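*Asks:* This one is query_17.cif, mmCIF, C-alpha atoms.
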data_coords
loop_
_atom_site.label_atom_id
_atom_site.label_comp_id
_atom_site.auth_asym_id
_atom_site.auth_seq_id
_atom_site.Cartn_x
_atom_site.Cartn_y
_atom_site.Cartn_z
CA MET J 1 0.00 0.00 0.00
CA GLU J 2 1.37 3.37 -1.00
CA GLN J 3 2.24 5.62 1.92
CA VAL J 4 0.71 9.09 1.80
CA THR J 5 2.48 12.01 3.50
CA VAL J 6 0.26 14.81 4.78
CA TYR J 7 1.76 18.29 5.21
CA GLU J 8 0.19 20.81 7.56
CA GLN J 9 0.47 24.55 6.97
CA LEU J 10 2.40 26.27 9.75
CA THR J 11 0.82 29.25 11.43
CA ILE J 12 2.86 32.28 12.49
CA SER J 13 2.74 31.01 16.06
CA ASP J 14 3.99 27.58 14.98
CA TRP J 15 6.79 29.24 13.00
CA LEU J 16 8.02 31.28 15.96
CA THR J 17 7.87 28.24 18.22
CA MET J 18 9.84 26.15 15.73
CA LYS J 19 12.58 28.79 15.40
CA GLU J 20 12.97 28.99 19.17
CA LYS J 21 13.05 25.21 19.47
CA LEU J 22 15.74 25.01 16.79
CA ARG J 23 17.78 27.67 18.56
CA LEU J 24 17.60 25.71 21.83
CA GLU J 25 18.55 22.47 20.10
CA LEU J 26 21.58 24.14 18.59
CA GLN J 27 22.50 25.47 21.99
CA ASN J 28 22.14 21.97 23.36
CA VAL J 29 24.52 20.74 20.68
CA THR J 30 27.06 23.30 21.81
CA GLN J 31 26.39 22.36 25.43
CA SER J 32 27.00 18.76 24.43
CA PHE J 33 30.37 19.75 23.01
CA VAL J 34 31.22 21.44 26.30
CA ARG J 35 30.15 18.37 28.28
CA ILE J 36 32.05 16.00 25.96
CA GLY J 37 35.10 18.20 26.31
CA TYR J 38 34.77 18.19 30.07
CA ALA J 39 34.55 14.38 30.23
CA LEU J 40 37.59 13.96 27.96
CA ARG J 41 39.56 16.42 30.06
CA LYS J 42 38.69 14.55 33.29
CA ILE J 43 39.76 11.22 31.76
CA ASP J 44 42.98 12.80 30.53
CA ASP J 45 43.81 14.63 33.76
CA GLU J 46 43.31 11.49 35.92
CA LYS J 47 44.86 9.17 33.28
CA MET J 48 41.88 6.88 33.50
CA TYR J 49 42.59 5.72 29.90
CA GLU J 50 45.35 3.53 31.34
CA THR J 51 42.64 1.40 32.94
CA ASP J 52 41.76 0.22 29.46
CA GLY J 53 45.37 -0.32 28.53
CA CYS J 54 45.69 2.90 26.46
CA LYS J 55 48.69 5.19 26.50
CA SER J 56 46.84 8.50 25.82
CA ILE J 57 43.43 10.09 25.73
CA ALA J 58 43.64 10.18 21.92
CA GLU J 59 44.26 6.42 21.77
CA PHE J 60 41.40 5.78 24.17
CA ALA J 61 38.91 7.99 22.25
CA LYS J 62 39.88 6.39 18.95
CA LYS J 63 39.51 2.85 20.34
CA GLU J 64 36.34 3.48 22.28
CA TYR J 65 34.44 6.06 20.15
CA GLY J 66 36.21 6.26 16.81
CA LEU J 67 37.20 9.90 17.36
CA GLU J 68 40.24 11.34 15.60
CA ALA J 69 42.96 13.02 17.68
CA SER J 70 42.14 16.48 16.17
CA THR J 71 38.48 16.12 17.18
CA VAL J 72 39.41 15.13 20.71
CA SER J 73 41.72 18.15 20.98
CA ARG J 74 38.97 20.49 19.71
CA PHE J 75 36.39 19.18 22.22
CA MET J 76 38.78 19.71 25.09
CA ALA J 77 39.78 23.21 23.88
CA ILE J 78 36.13 24.31 23.57
CA ASN J 79 35.50 23.26 27.16
CA ARG J 80 38.62 25.03 28.35
CA GLU J 81 37.86 28.32 26.56
CA TYR J 82 34.07 28.59 26.79
CA SER J 83 32.88 26.69 29.88
CA GLU J 84 31.99 28.42 33.12
CA GLY J 85 35.13 28.77 35.20
CA GLY J 86 37.09 27.19 32.34
CA TYR J 87 36.46 23.68 33.70
CA SER J 88 32.84 22.67 33.92
CA GLU J 89 29.98 21.10 31.98
CA ARG J 90 28.20 24.43 31.37
CA LEU J 91 28.78 26.93 28.54
CA ARG J 92 29.43 30.51 29.54
CA GLU J 93 26.38 32.70 28.99
CA GLU J 94 28.04 35.11 26.57
CA PHE J 95 28.74 32.24 24.14
CA ILE J 96 25.25 30.77 24.06
CA GLY J 97 23.91 30.64 20.49
CA TYR J 98 27.24 30.62 18.70
CA GLY J 99 27.34 27.02 17.57
CA GLN J 100 30.21 24.59 17.66
CA SER J 101 31.72 25.58 14.27
CA LYS J 102 31.99 29.26 15.21
CA LEU J 103 33.41 28.44 18.63
CA SER J 104 35.99 26.24 16.92
CA GLU J 105 36.99 29.10 14.57
CA MET J 106 37.25 31.50 17.51
CA LEU J 107 39.70 29.32 19.41
CA GLN J 108 42.70 30.98 17.74
CA LEU J 109 41.49 34.53 18.42
CA PRO J 110 42.66 36.54 21.43
CA ASP J 111 40.01 37.41 24.01
CA LYS J 112 39.70 41.01 22.77
CA ASP J 113 38.99 39.86 19.24
CA ARG J 114 36.45 37.31 20.41
CA GLU J 115 34.44 40.25 21.63
CA LEU J 116 34.08 41.32 17.99
CA ILE J 117 32.27 38.08 17.09
CA THR J 118 28.47 37.87 17.34
CA PRO J 119 26.12 34.88 16.86
CA GLN J 120 24.87 36.52 13.60
CA MET J 121 28.35 36.81 12.14
CA GLN J 122 29.26 34.47 9.32
CA ARG J 123 31.95 31.87 9.81
CA SER J 124 33.76 33.38 6.82
CA ASP J 125 33.97 36.72 8.66
CA ILE J 126 35.68 35.03 11.60
CA ARG J 127 38.20 33.48 9.24
CA GLU J 128 38.74 36.94 7.67
CA LEU J 129 39.63 38.33 11.08
CA LYS J 130 42.00 35.43 11.75
CA ASP J 131 43.69 36.01 8.39
CA PHE J 132 43.91 39.77 9.10
CA ASN J 133 45.81 39.07 12.33
CA ARG J 134 48.39 36.75 10.77
CA SER J 135 50.52 39.24 8.80
CA GLU J 136 50.73 42.99 8.37
CA PRO J 137 48.65 44.17 5.38
CA PRO J 138 50.29 46.25 2.62
CA THR J 139 49.93 50.02 2.82
CA GLY J 140 48.48 52.33 0.18
CA SER J 141 44.82 51.31 0.07
CA ALA J 142 43.47 52.30 3.50
CA ASP J 143 46.14 53.83 5.74
CA ASP J 144 43.82 55.93 7.92
CA ILE J 145 40.17 55.98 8.98
CA GLN J 146 39.12 58.50 6.32
CA SER J 147 40.52 56.34 3.51
CA LEU J 148 38.86 53.31 5.15
CA ILE J 149 35.44 55.03 5.05
CA GLU J 150 36.04 56.22 1.48
CA SER J 151 37.01 52.70 0.43
CA TYR J 152 33.95 51.17 2.07
CA PHE J 153 31.51 53.45 0.27
CA HIS J 154 33.46 53.21 -2.98
CA ASP J 155 32.96 49.44 -2.83
CA ASN J 156 29.35 49.81 -1.62
CA LYS J 157 27.91 52.32 -4.08
CA LYS J 158 24.28 51.51 -3.27
CA ASP J 159 24.83 52.23 0.43
CA LEU J 160 26.18 55.72 -0.21
CA ASN J 161 23.49 56.72 -2.72
CA ALA J 162 20.71 55.23 -0.59
CA LEU J 163 22.03 57.05 2.50
CA TYR J 164 22.05 60.48 0.88
CA GLY J 165 18.90 59.72 -1.08
CA LEU J 166 17.15 59.02 2.21
CA ALA J 167 18.53 62.26 3.67
CA GLU J 168 17.22 64.16 0.65
CA ASN J 169 13.79 62.55 0.94
CA ASN J 170 13.68 63.45 4.64
CA HIS J 171 14.48 67.07 3.75
CA ALA J 172 17.66 66.97 5.81
CA GLU J 173 19.47 70.29 5.90
CA ASP J 174 21.48 70.71 2.70
CA GLY J 175 20.99 67.00 2.03
CA HIS J 176 23.49 66.09 4.75
CA ILE J 177 23.02 62.86 6.69
CA ALA J 178 24.21 64.38 9.97
CA SER J 179 20.77 65.87 10.53
CA MET J 180 18.76 62.71 9.74
CA GLY J 181 17.65 59.99 12.14
CA VAL J 182 20.45 57.64 13.22
CA LYS J 183 18.19 54.59 13.35
CA GLU J 184 17.20 55.06 9.72
CA ALA J 185 20.86 55.08 8.74
CA ILE J 186 21.58 51.98 10.83
CA ASP J 187 18.70 50.05 9.28
CA LEU J 188 19.95 51.02 5.83
CA LEU J 189 23.66 50.26 6.33
CA ASN J 190 23.36 47.28 8.67
CA PRO J 191 20.05 45.47 8.08
CA SER J 192 21.35 42.04 9.18
CA GLY J 193 22.69 43.26 12.55
CA THR J 194 26.37 42.58 11.78
CA LYS J 195 28.57 43.52 8.84
CA VAL J 196 32.34 43.19 8.39
CA TYR J 197 34.57 45.07 5.92
CA ARG J 198 38.35 44.76 5.51
CA LYS J 199 40.65 47.13 3.65
CA GLY J 200 44.34 47.90 3.99
CA LEU J 201 45.40 48.32 7.62
CA TYR J 202 41.82 48.30 8.97
CA MET J 203 38.74 46.19 9.60
CA LEU J 204 35.33 47.81 10.02
CA PHE J 205 32.56 46.16 12.09
CA PHE J 206 28.92 47.31 12.02
CA TYR J 207 26.65 46.33 14.93
CA ASP J 208 23.17 47.34 16.00
CA ASP J 209 24.36 49.71 18.72
CA ASN J 210 27.85 50.81 17.63
CA VAL J 211 30.64 50.68 15.07
CA LYS J 212 34.05 49.21 15.80
CA ILE J 213 37.24 49.87 13.86
CA LYS J 214 40.30 47.65 14.30
CA LYS J 215 43.74 48.59 13.07
CA PHE J 216 46.29 45.86 12.48
CA GLY J 217 48.21 44.98 15.65
CA GLU J 218 45.86 47.00 17.89
CA ASP J 219 42.64 46.39 19.78
CA ALA J 220 39.40 47.52 18.17
CA VAL J 221 38.07 51.00 19.03
CA THR J 222 34.34 51.47 19.58
CA HIS J 223 32.49 54.46 18.00
CA THR J 224 28.88 55.51 18.26
CA TRP J 225 26.79 55.53 15.12
CA GLY J 226 26.41 59.28 15.47
CA ASP J 227 30.17 59.79 15.41
CA PHE J 228 30.56 57.44 12.45
CA LEU J 229 27.84 59.19 10.41
CA ALA J 230 29.38 62.57 11.20
CA ALA J 231 32.72 61.32 9.86
CA VAL J 232 30.94 60.03 6.73
CA ASP J 233 29.20 63.36 6.21
CA GLU J 234 32.43 65.29 6.64
CA ILE J 235 33.85 63.35 3.68
CA PHE J 236 30.86 63.09 1.35
CA GLY J 237 28.63 65.97 2.51
CA PRO J 238 30.18 68.59 0.18
CA ALA J 239 29.36 66.30 -2.76
CA ALA J 240 25.85 65.42 -1.53
CA ALA J 241 23.56 64.83 -4.52
CA GLY J 242 20.89 62.50 -3.21
CA TYR J 243 20.83 59.22 -5.09
CA HIS J 244 23.73 60.40 -7.30
CA THR J 245 26.23 61.25 -4.54
CA TRP J 246 28.53 58.36 -5.44
CA GLU J 247 28.81 59.52 -9.06
CA ARG J 248 29.39 63.11 -8.01
CA TYR J 249 32.14 62.17 -5.55
CA PHE J 250 33.92 59.31 -7.32
CA GLY J 251 33.02 60.02 -10.94
CA GLU J 252 31.65 57.54 -13.47
CA ASP J 253 31.55 53.93 -12.37
CA PRO J 254 34.14 52.00 -14.46
CA GLU J 255 31.92 48.92 -14.46
CA GLU J 256 28.92 50.92 -15.64
CA LYS J 257 31.11 52.67 -18.22
CA THR J 258 32.24 49.29 -19.55
CA GLN J 259 28.65 48.10 -19.70
CA LYS J 260 27.57 51.32 -21.40
CA ASN J 261 30.36 51.00 -23.98
CA ALA J 262 29.37 47.41 -24.60
CA GLN J 263 25.74 48.45 -25.04
CA ASN J 264 26.75 51.25 -27.43
CA THR J 265 28.89 48.83 -29.43
CA GLU J 266 26.07 46.31 -29.58
CA GLN J 267 23.62 49.04 -30.55
CA GLY J 268 26.01 50.31 -33.25
CA GLU J 269 26.43 46.81 -34.67
CA GLN J 270 22.66 46.36 -34.66
CA GLU J 271 22.12 49.70 -36.41
CA ALA J 272 24.81 48.82 -38.99
CA GLU J 273 23.11 45.49 -39.61
CA GLU J 274 19.73 47.23 -39.97
CA ASN J 275 21.24 49.81 -42.35
CA ALA J 276 22.82 47.05 -44.43
CA GLN J 277 19.50 45.26 -44.56
CA THR J 278 17.72 48.49 -45.53
CA THR J 279 20.30 49.13 -48.27
CA GLU J 280 19.82 45.62 -49.59
CA GLU J 281 16.03 46.05 -49.55
CA ASN J 282 16.32 49.41 -51.33
CA ALA J 283 18.59 47.88 -53.96
CA GLN J 284 16.14 45.04 -54.45
CA THR J 285 13.24 47.52 -54.70
CA THR J 286 15.19 49.62 -57.25
CA GLU J 287 15.94 46.50 -59.29
CA GLU J 288 12.26 45.50 -59.20
CA ASN J 289 11.22 49.03 -60.22
CA ASP J 290 13.72 49.03 -63.10
CA GLN J 291 12.39 45.68 -64.23
CA GLU J 292 8.81 46.96 -64.06
CA ASP J 293 9.78 50.10 -66.04
CA THR J 294 11.49 47.95 -68.68
CA GLU J 295 8.44 45.68 -68.97
CA THR J 296 6.17 48.73 -69.21
CA VAL J 297 8.30 50.27 -71.97
CA GLU J 298 8.36 46.99 -73.86
CA ARG J 299 4.56 46.67 -73.58
CA GLU J 300 3.95 50.27 -74.66
CA ALA J 301 6.62 50.40 -77.40
CA PRO J 302 4.62 48.76 -80.25
CA ASP J 303 1.62 51.06 -79.83
CA GLN J 304 3.89 54.07 -79.60
CA GLU J 305 5.78 53.01 -82.71
CA VAL J 306 2.56 52.56 -84.72
CA GLU J 307 1.30 55.94 -83.56
CA GLU J 308 4.58 57.64 -84.49
CA ALA J 309 4.59 55.93 -87.89
CA GLY J 310 1.08 57.16 -88.60
CA GLU J 311 1.99 60.70 -87.66
CA ALA J 312 5.09 60.61 -89.88
CA LYS J 313 3.15 59.32 -92.89
CA ALA J 314 0.45 61.94 -92.38
CA ASP J 315 3.05 64.70 -92.31
CA LEU J 316 4.70 63.40 -95.47
CA ALA J 317 1.35 63.06 -97.32
CA ALA J 318 0.39 66.59 -96.44
CA ALA J 319 3.73 67.85 -97.70
CA MET J 320 3.43 66.05 -101.01
CA ASN J 321 -0.33 66.75 -101.42
CA GLN J 322 -0.90 63.01 -101.68
CA PRO J 323 -3.75 60.99 -100.12
CA GLU J 324 -2.96 60.06 -96.55
CA GLU J 325 -2.40 56.35 -95.94
CA ILE J 326 -1.79 55.41 -92.35
CA ALA J 327 -0.85 51.91 -91.28
CA PRO J 328 -3.57 50.28 -89.21
CA ALA J 329 -2.92 50.30 -85.45
CA GLN J 330 -3.07 46.56 -85.19
CA LYS J 331 -0.19 46.19 -87.66
CA THR J 332 3.00 45.43 -85.75
CA ALA J 333 6.61 44.79 -86.64
CA PRO J 334 8.01 41.29 -86.51
CA GLU J 335 9.46 40.16 -83.17
CA GLU J 336 12.88 41.65 -82.56
CA LYS J 337 15.66 39.23 -81.71
CA ASN J 338 18.20 41.83 -80.63
CA PRO J 339 17.36 44.84 -78.41
CA VAL J 340 20.35 46.70 -79.85
CA PHE J 341 19.71 48.31 -83.20
CA PRO J 342 22.85 48.04 -85.43
CA ASP J 343 23.06 49.90 -88.69
CA THR J 344 22.92 47.02 -91.21
CA GLY J 345 22.71 49.32 -94.26
CA THR J 346 25.55 51.10 -95.96
CA GLY J 347 23.69 53.39 -98.37
CA THR J 348 22.02 56.73 -97.97
CA ILE J 349 18.27 56.87 -97.25
CA VAL J 350 16.06 59.28 -99.18
CA GLY J 351 14.47 61.82 -96.81
CA GLU J 352 14.96 65.23 -95.40
CA PRO J 353 18.60 66.39 -95.51
CA ASN J 354 20.66 66.14 -92.37
CA PRO J 355 20.60 69.66 -90.88
CA LEU J 356 24.13 69.19 -89.56
CA ALA J 357 25.58 68.19 -92.94
CA LYS J 358 27.36 70.58 -95.30
CA PRO J 359 25.36 71.83 -98.37
CA GLU J 360 27.11 69.51 -100.79
CA GLU J 361 26.51 66.54 -98.45
CA ALA J 362 22.83 67.45 -98.18
CA GLU J 363 22.51 67.42 -101.98
CA LEU J 364 24.03 63.94 -102.13
CA GLU J 365 21.61 62.71 -99.47
CA ALA J 366 18.68 64.10 -101.49
CA ALA J 367 19.88 62.28 -104.62
CA GLY J 368 18.68 59.00 -103.09
CA GLN J 369 21.75 56.88 -103.70
CA ILE J 370 21.05 53.55 -101.94
CA GLU J 371 22.66 50.19 -102.55
CA PRO J 372 20.12 47.37 -102.94
CA LYS J 373 21.15 45.54 -99.74
CA HIS J 374 17.98 45.92 -97.66
CA LYS J 375 15.38 43.24 -97.11
CA LEU J 376 12.39 42.51 -94.90
CA GLY J 377 13.26 42.88 -91.20
CA ASP J 378 16.34 45.10 -91.66
CA ARG J 379 16.77 48.10 -89.35
CA ILE J 380 18.27 51.33 -90.57
CA LEU J 381 19.14 54.49 -88.60
CA VAL J 382 17.90 57.53 -90.54
CA GLU J 383 17.43 61.27 -90.20
CA GLY J 384 14.15 62.97 -91.14
CA VAL J 385 10.80 61.50 -92.15
CA VAL J 386 10.01 59.42 -95.30
CA GLU J 387 7.32 56.96 -96.25
CA MET J 388 8.81 55.09 -99.18
CA VAL J 389 12.47 54.34 -99.60
CA THR J 390 14.07 53.41 -102.92
CA VAL J 391 15.86 50.10 -102.84
CA GLY J 392 17.82 49.34 -105.97
CA ALA J 393 16.62 49.91 -109.54
CA ASN J 394 13.03 51.13 -109.60
CA LYS J 395 12.10 49.11 -106.43
CA THR J 396 10.55 50.57 -103.23
CA VAL J 397 9.56 49.04 -99.89
CA ASN J 398 7.53 50.27 -96.92
CA TYR J 399 9.41 51.34 -93.77
CA ARG J 400 8.00 51.81 -90.24
CA ILE J 401 9.22 54.33 -87.68
CA ARG J 402 10.70 53.53 -84.25
CA THR J 403 12.56 55.74 -81.86
CA LYS J 404 15.63 54.56 -79.96
CA GLY J 405 17.98 56.77 -77.93
CA GLY J 406 16.73 59.94 -79.59
CA LYS J 407 17.31 58.56 -83.13
CA THR J 408 14.73 57.40 -85.66
CA VAL J 409 14.91 53.75 -86.68
CA TRP J 410 13.33 52.59 -89.96
CA VAL J 411 12.40 48.95 -90.27
CA ILE J 412 11.56 47.30 -93.60
CA GLU J 413 8.00 46.27 -92.91
CA GLU J 414 6.95 44.54 -96.15
CA ASP J 415 8.43 43.03 -99.27
CA ILE J 416 8.58 45.17 -102.39
CA VAL J 417 5.15 46.75 -102.79
CA GLU J 418 5.64 49.00 -105.78
CA GLU J 419 7.81 49.41 -108.81
CA THR J 420 8.64 52.93 -109.92
CA VAL J 421 9.44 54.08 -113.43
#
Represent the supplied structure as structure tokens.

*Replies:*
Amino acid sequence: MEQVTVYEQLTISDWLTMKEKLRLELQNVTQSFVRIGYALRKIDDEKMYETDGCKSIAEFAKKEYGLEASTVSRFMAINREYSEGGYSERLREEFIGYGQSKLSEMLQLPDKDRELITPQMQRSDIRELKDFNRSEPPTGSADDIQSLIESYFHDNKKDLNALYGLAENNHAEDGHIASMGVKEAIDLLNPSGTKVYRKGLYMLFFYDDNVKIKKFGEDAVTHTWGDFLAAVDEIFGPAAAGYHTWERYFGEDPEEKTQKNAQNTEQGEQEAEENAQTTEENAQTTEENDQEDTETVEREAPDQEVEEAGEAKADLAAAMNQPEEIAPAQKTAPEEKNPVFPDTGTGTIVGEPNPLAKPEEAELEAAGQIEPKHKLGDRILVEGVVEMVTVGANKTVNYRIRTKGGKTVWVIEEDIVEETV
């Protein structure tokens, strides 16, 4: 049969009770460490391990309980350092709530530095303090308290802007934080109850009721929050600009500048890509438009050619007082195989003289000297307007007009239609 697990929703009261119970259990674990340490110390001091044929407390604990020598030493040290009177089964009151791991980390700290540790402090912060005490830090980054405060707010941009932004919202005098409520500043800068910052020769500790500053090789000095905020305002007050105080004091954030440059580069690349795409689309549109124009010209060309031919024949008939004969509109030239119109003739076409020619050349053009080399479908570039063109001895053929590149093109439209005397 399948087992079904039923979960009950905790009420606020249940939640508070559970947290307190967990805290007590953790305290009991620490108390257990103290009691274990006390028992091991008693066995060691009275050499009771020899009763079981062991040569040391470490050998006895390993044989009897499977404990390693380092664990045995830590249990005994915790009892020695944190038990009432230094030799009892009870944990000293000031260390209740710390937990065994934190008490173990604190073993290598001097008594004055242990006072800097709170139950809320992270184990990593305790290790930071231990590392700070081992060797003198290099100079040049935070050599005095002012540079320490500057470094802290340089590395915590949001804290500085939020602090002066809050002062501005509270209408503090000239936007300075010295005239705003201290508790508001504490809640903003130290919401968790404990905060640790290390830079150069100093470590900075924030607590609920005070601020402590420790210089390497010296004991920590306690400052009130009021004194600390006054020192902060003395540094940053002249540059107070609400939520932009950090930028006004330190200048542009290098990280933000890098991000901004990256965004600008990305935006520029995107715009270049869009421009390239637009150019390609425009080129495609232009090509399509050119193709449409070409198709339109090709569709309209025959009708235009017929109309122009009719007008030319009408003009010639009027000039010669002959009956007008216009080619029907439906009559079209044969399909052209080459869009380029080469001059396939070598003779001179009868028509109006070339206005650019010399007088003697014009007379020769009017004489109508043409070699009989033209046949149906030929194209000839001509000047002027004619209807019938002489081809060889007493032979004439019909020509039709087309216009190409500003020049008139005559196309032999029919076979020989008339013989002349």

*Asks:* Could you pull the residues within 7 Å of J:Val34, counting only C-alpha atoms, minus those fewer than 3 positions along the same chain, as an MDAnalysis selection string?

*Replies:* chainID J and resid 30:31 37:38 75 78:79 83 89:91

*Asks:* With the cut-off set at 12 Å and counting only C-alpha atoms, tabulate each residue of stretch 114-188 of chain J with an atom at most that distance from an atom of stretch 228-239 of chain J, showing the nearest atom pair and its distance in Å to one decimal, ordered by chain and increasing number, as a tab-separated table.

*Replies:*
residue	atom	partner	partner_atom	distance
J:Ile145	CA	J:Ala231	CA	9.2
J:Gln146	CA	J:Ile235	CA	7.6
J:Ser147	CA	J:Ile235	CA	9.7
J:Leu148	CA	J:Val232	CA	10.5
J:Ile149	CA	J:Val232	CA	6.9
J:Glu150	CA	J:Ile235	CA	7.8
J:Ser151	CA	J:Val232	CA	11.4
J:Tyr152	CA	J:Val232	CA	10.5
J:Phe153	CA	J:Val232	CA	9.2
J:His154	CA	J:Phe236	CA	11.1
J:Asp159	CA	J:Val232	CA	11.7
J:Leu160	CA	J:Phe236	CA	8.9
J:Asn161	CA	J:Phe236	CA	10.6
J:Leu163	CA	J:Leu229	CA	10.0
J:Tyr164	CA	J:Gly237	CA	8.7
J:Ala167	CA	J:Gly237	CA	10.8
J:Glu168	CA	J:Gly237	CA	11.7
J:Ala172	CA	J:Gly237	CA	11.5
J:Glu173	CA	J:Gly237	CA	10.7
J:Asp174	CA	J:Gly237	CA	8.6
J:Gly175	CA	J:Gly237	CA	7.7
J:His176	CA	J:Gly237	CA	5.6
J:Ile177	CA	J:Asp233	CA	6.2
J:Ala178	CA	J:Ala230	CA	5.6
J:Ser179	CA	J:Ala230	CA	9.2
J:Met180	CA	J:Leu229	CA	9.8
J:Gly181	CA	J:Leu229	CA	10.4
J:Val182	CA	J:Leu229	CA	8.1
J:Lys183	CA	J:Leu229	CA	11.1
J:Glu184	CA	J:Leu229	CA	11.4
J:Ala185	CA	J:Leu229	CA	8.3
J:Ile186	CA	J:Leu229	CA	9.6

*Asks:* Provide the atom CA of J:Gly200 to atom CA of J:Glu252 distance in Å, to one decimal place.

*Replies:*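 Computing the Euclidean distance for atom CA of J:Gly200 and atom CA of J:Glu252 yields 23.6 Å.
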
*Asks:* What residues come out when you apply the PyMOL selection byres ((chain J and resi 132) around 9) to this file, written as a list of chain:residue names?

*Replies:*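 That selection, the PyMOL selection byres ((chain J and resi 132) around 9), comes back as J:Arg127, J:Glu128, J:Leu129, J:Lys130, J:Asp131, J:Asn133, J:Arg134, J:Ser135, J:Glu136, J:Pro137, J:Arg198, J:Leu201, J:Tyr202, J:Met203, J:Phe216.
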
*Asks:* Using Å and a single decimal, report how far atom CA of J:Tyr207 sits from atom CA of J:Thr194.

*Replies:*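 Those two atoms sit 4.9 Å apart.
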
*Asks:* Report, in Å to a single decimal, how far apart atom CA of J:Gln100 and atom CA of J:Phe33 are.

*Replies:*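 Between atom CA of J:Phe33 and atom CA of J:Gln100 the gap works out to 7.2 Å.
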
*Asks:* Ranking J:Ala58, J:Ile117, J:Leu10, J:Ile96 by minimum distance to J:Asn28 and counting all atoms listed in the file, which one comes first?

*Replies:*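 Selected residue with least distance to J:Asn28: J:Ile96.
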
*Asks:* Measuring atom to atom with only C-alpha atoms, identify which of J:Asp219, J:Glu274, J:Asp45, J:Asp52 is nearest to J:Leu116.

*Replies:*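 The answer is J:Asp219, which sits nearest to J:Leu116.
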
*Asks:* Find the residues around J:Gly193 up to 12 Å (only C-alpha atoms counted), leave out those fewer than 2 positions away in its own chain, and share them as a list in words.

*Replies:*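 Surrounding residues, per the criterion: Ile117, Thr118, Pro119, Gln120, Met121, Gln122, Ile186, Asp187, Leu188, Leu189, Asn190, Pro191, Lys195, Val196, Phe205, Phe206, Tyr207, Asp208, Asp209, Asn210 and Val211 of chain J.
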
*Asks:* Would you output that residue set with C-alpha atoms, as a PDB file, in the frame of the given file?

*Replies:*
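Listing of result24.pdb after writing:
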ATOM      1  CA  ILE J 117      32.270  38.080  17.090  1.00  0.00           C
ATOM      2  CA  THR J 118      28.470  37.870  17.340  1.00  0.00           C
ATOM      3  CA  PRO J 119      26.120  34.880  16.860  1.00  0.00           C
ATOM      4  CA  GLN J 120      24.870  36.520  13.600  1.00  0.00           C
ATOM      5  CA  MET J 121      28.350  36.810  12.140  1.00  0.00           C
ATOM      6  CA  GLN J 122      29.260  34.470   9.320  1.00  0.00           C
ATOM      7  CA  ILE J 186      21.580  51.980  10.830  1.00  0.00           C
ATOM      8  CA  ASP J 187      18.700  50.050   9.280  1.00  0.00           C
ATOM      9  CA  LEU J 188      19.950  51.020   5.830  1.00  0.00           C
ATOM     10  CA  LEU J 189      23.660  50.260   6.330  1.00  0.00           C
ATOM     11  CA  ASN J 190      23.360  47.280   8.670  1.00  0.00           C
ATOM     12  CA  PRO J 191      20.050  45.470   8.080  1.00  0.00           C
ATOM     13  CA  LYS J 195      28.570  43.520   8.840  1.00  0.00           C
ATOM     14  CA  VAL J 196      32.340  43.190   8.390  1.00  0.00           C
ATOM     15  CA  PHE J 205      32.560  46.160  12.090  1.00  0.00           C
ATOM     16  CA  PHE J 206      28.920  47.310  12.020  1.00  0.00           C
ATOM     17  CA  TYR J 207      26.650  46.330  14.930  1.00  0.00           C
ATOM     18  CA  ASP J 208      23.170  47.340  16.000  1.00  0.00           C
ATOM     19  CA  ASP J 209      24.360  49.710  18.720  1.00  0.00           C
ATOM     20  CA  ASN J 210      27.850  50.810  17.630  1.00  0.00           C
ATOM     21  CA  VAL J 211      30.640  50.680  15.070  1.00  0.00           C
TER      22      VAL J 211
END

*Asks:* I need every residue sitting at most 10 Å from the point (33.7, 27.4, 14.5) (coordinates as in the file, all atoms listed in the file considered), written as a PyMOL selection string.

*Replies:* chain J and resi 78+98-107+122-124+126-127
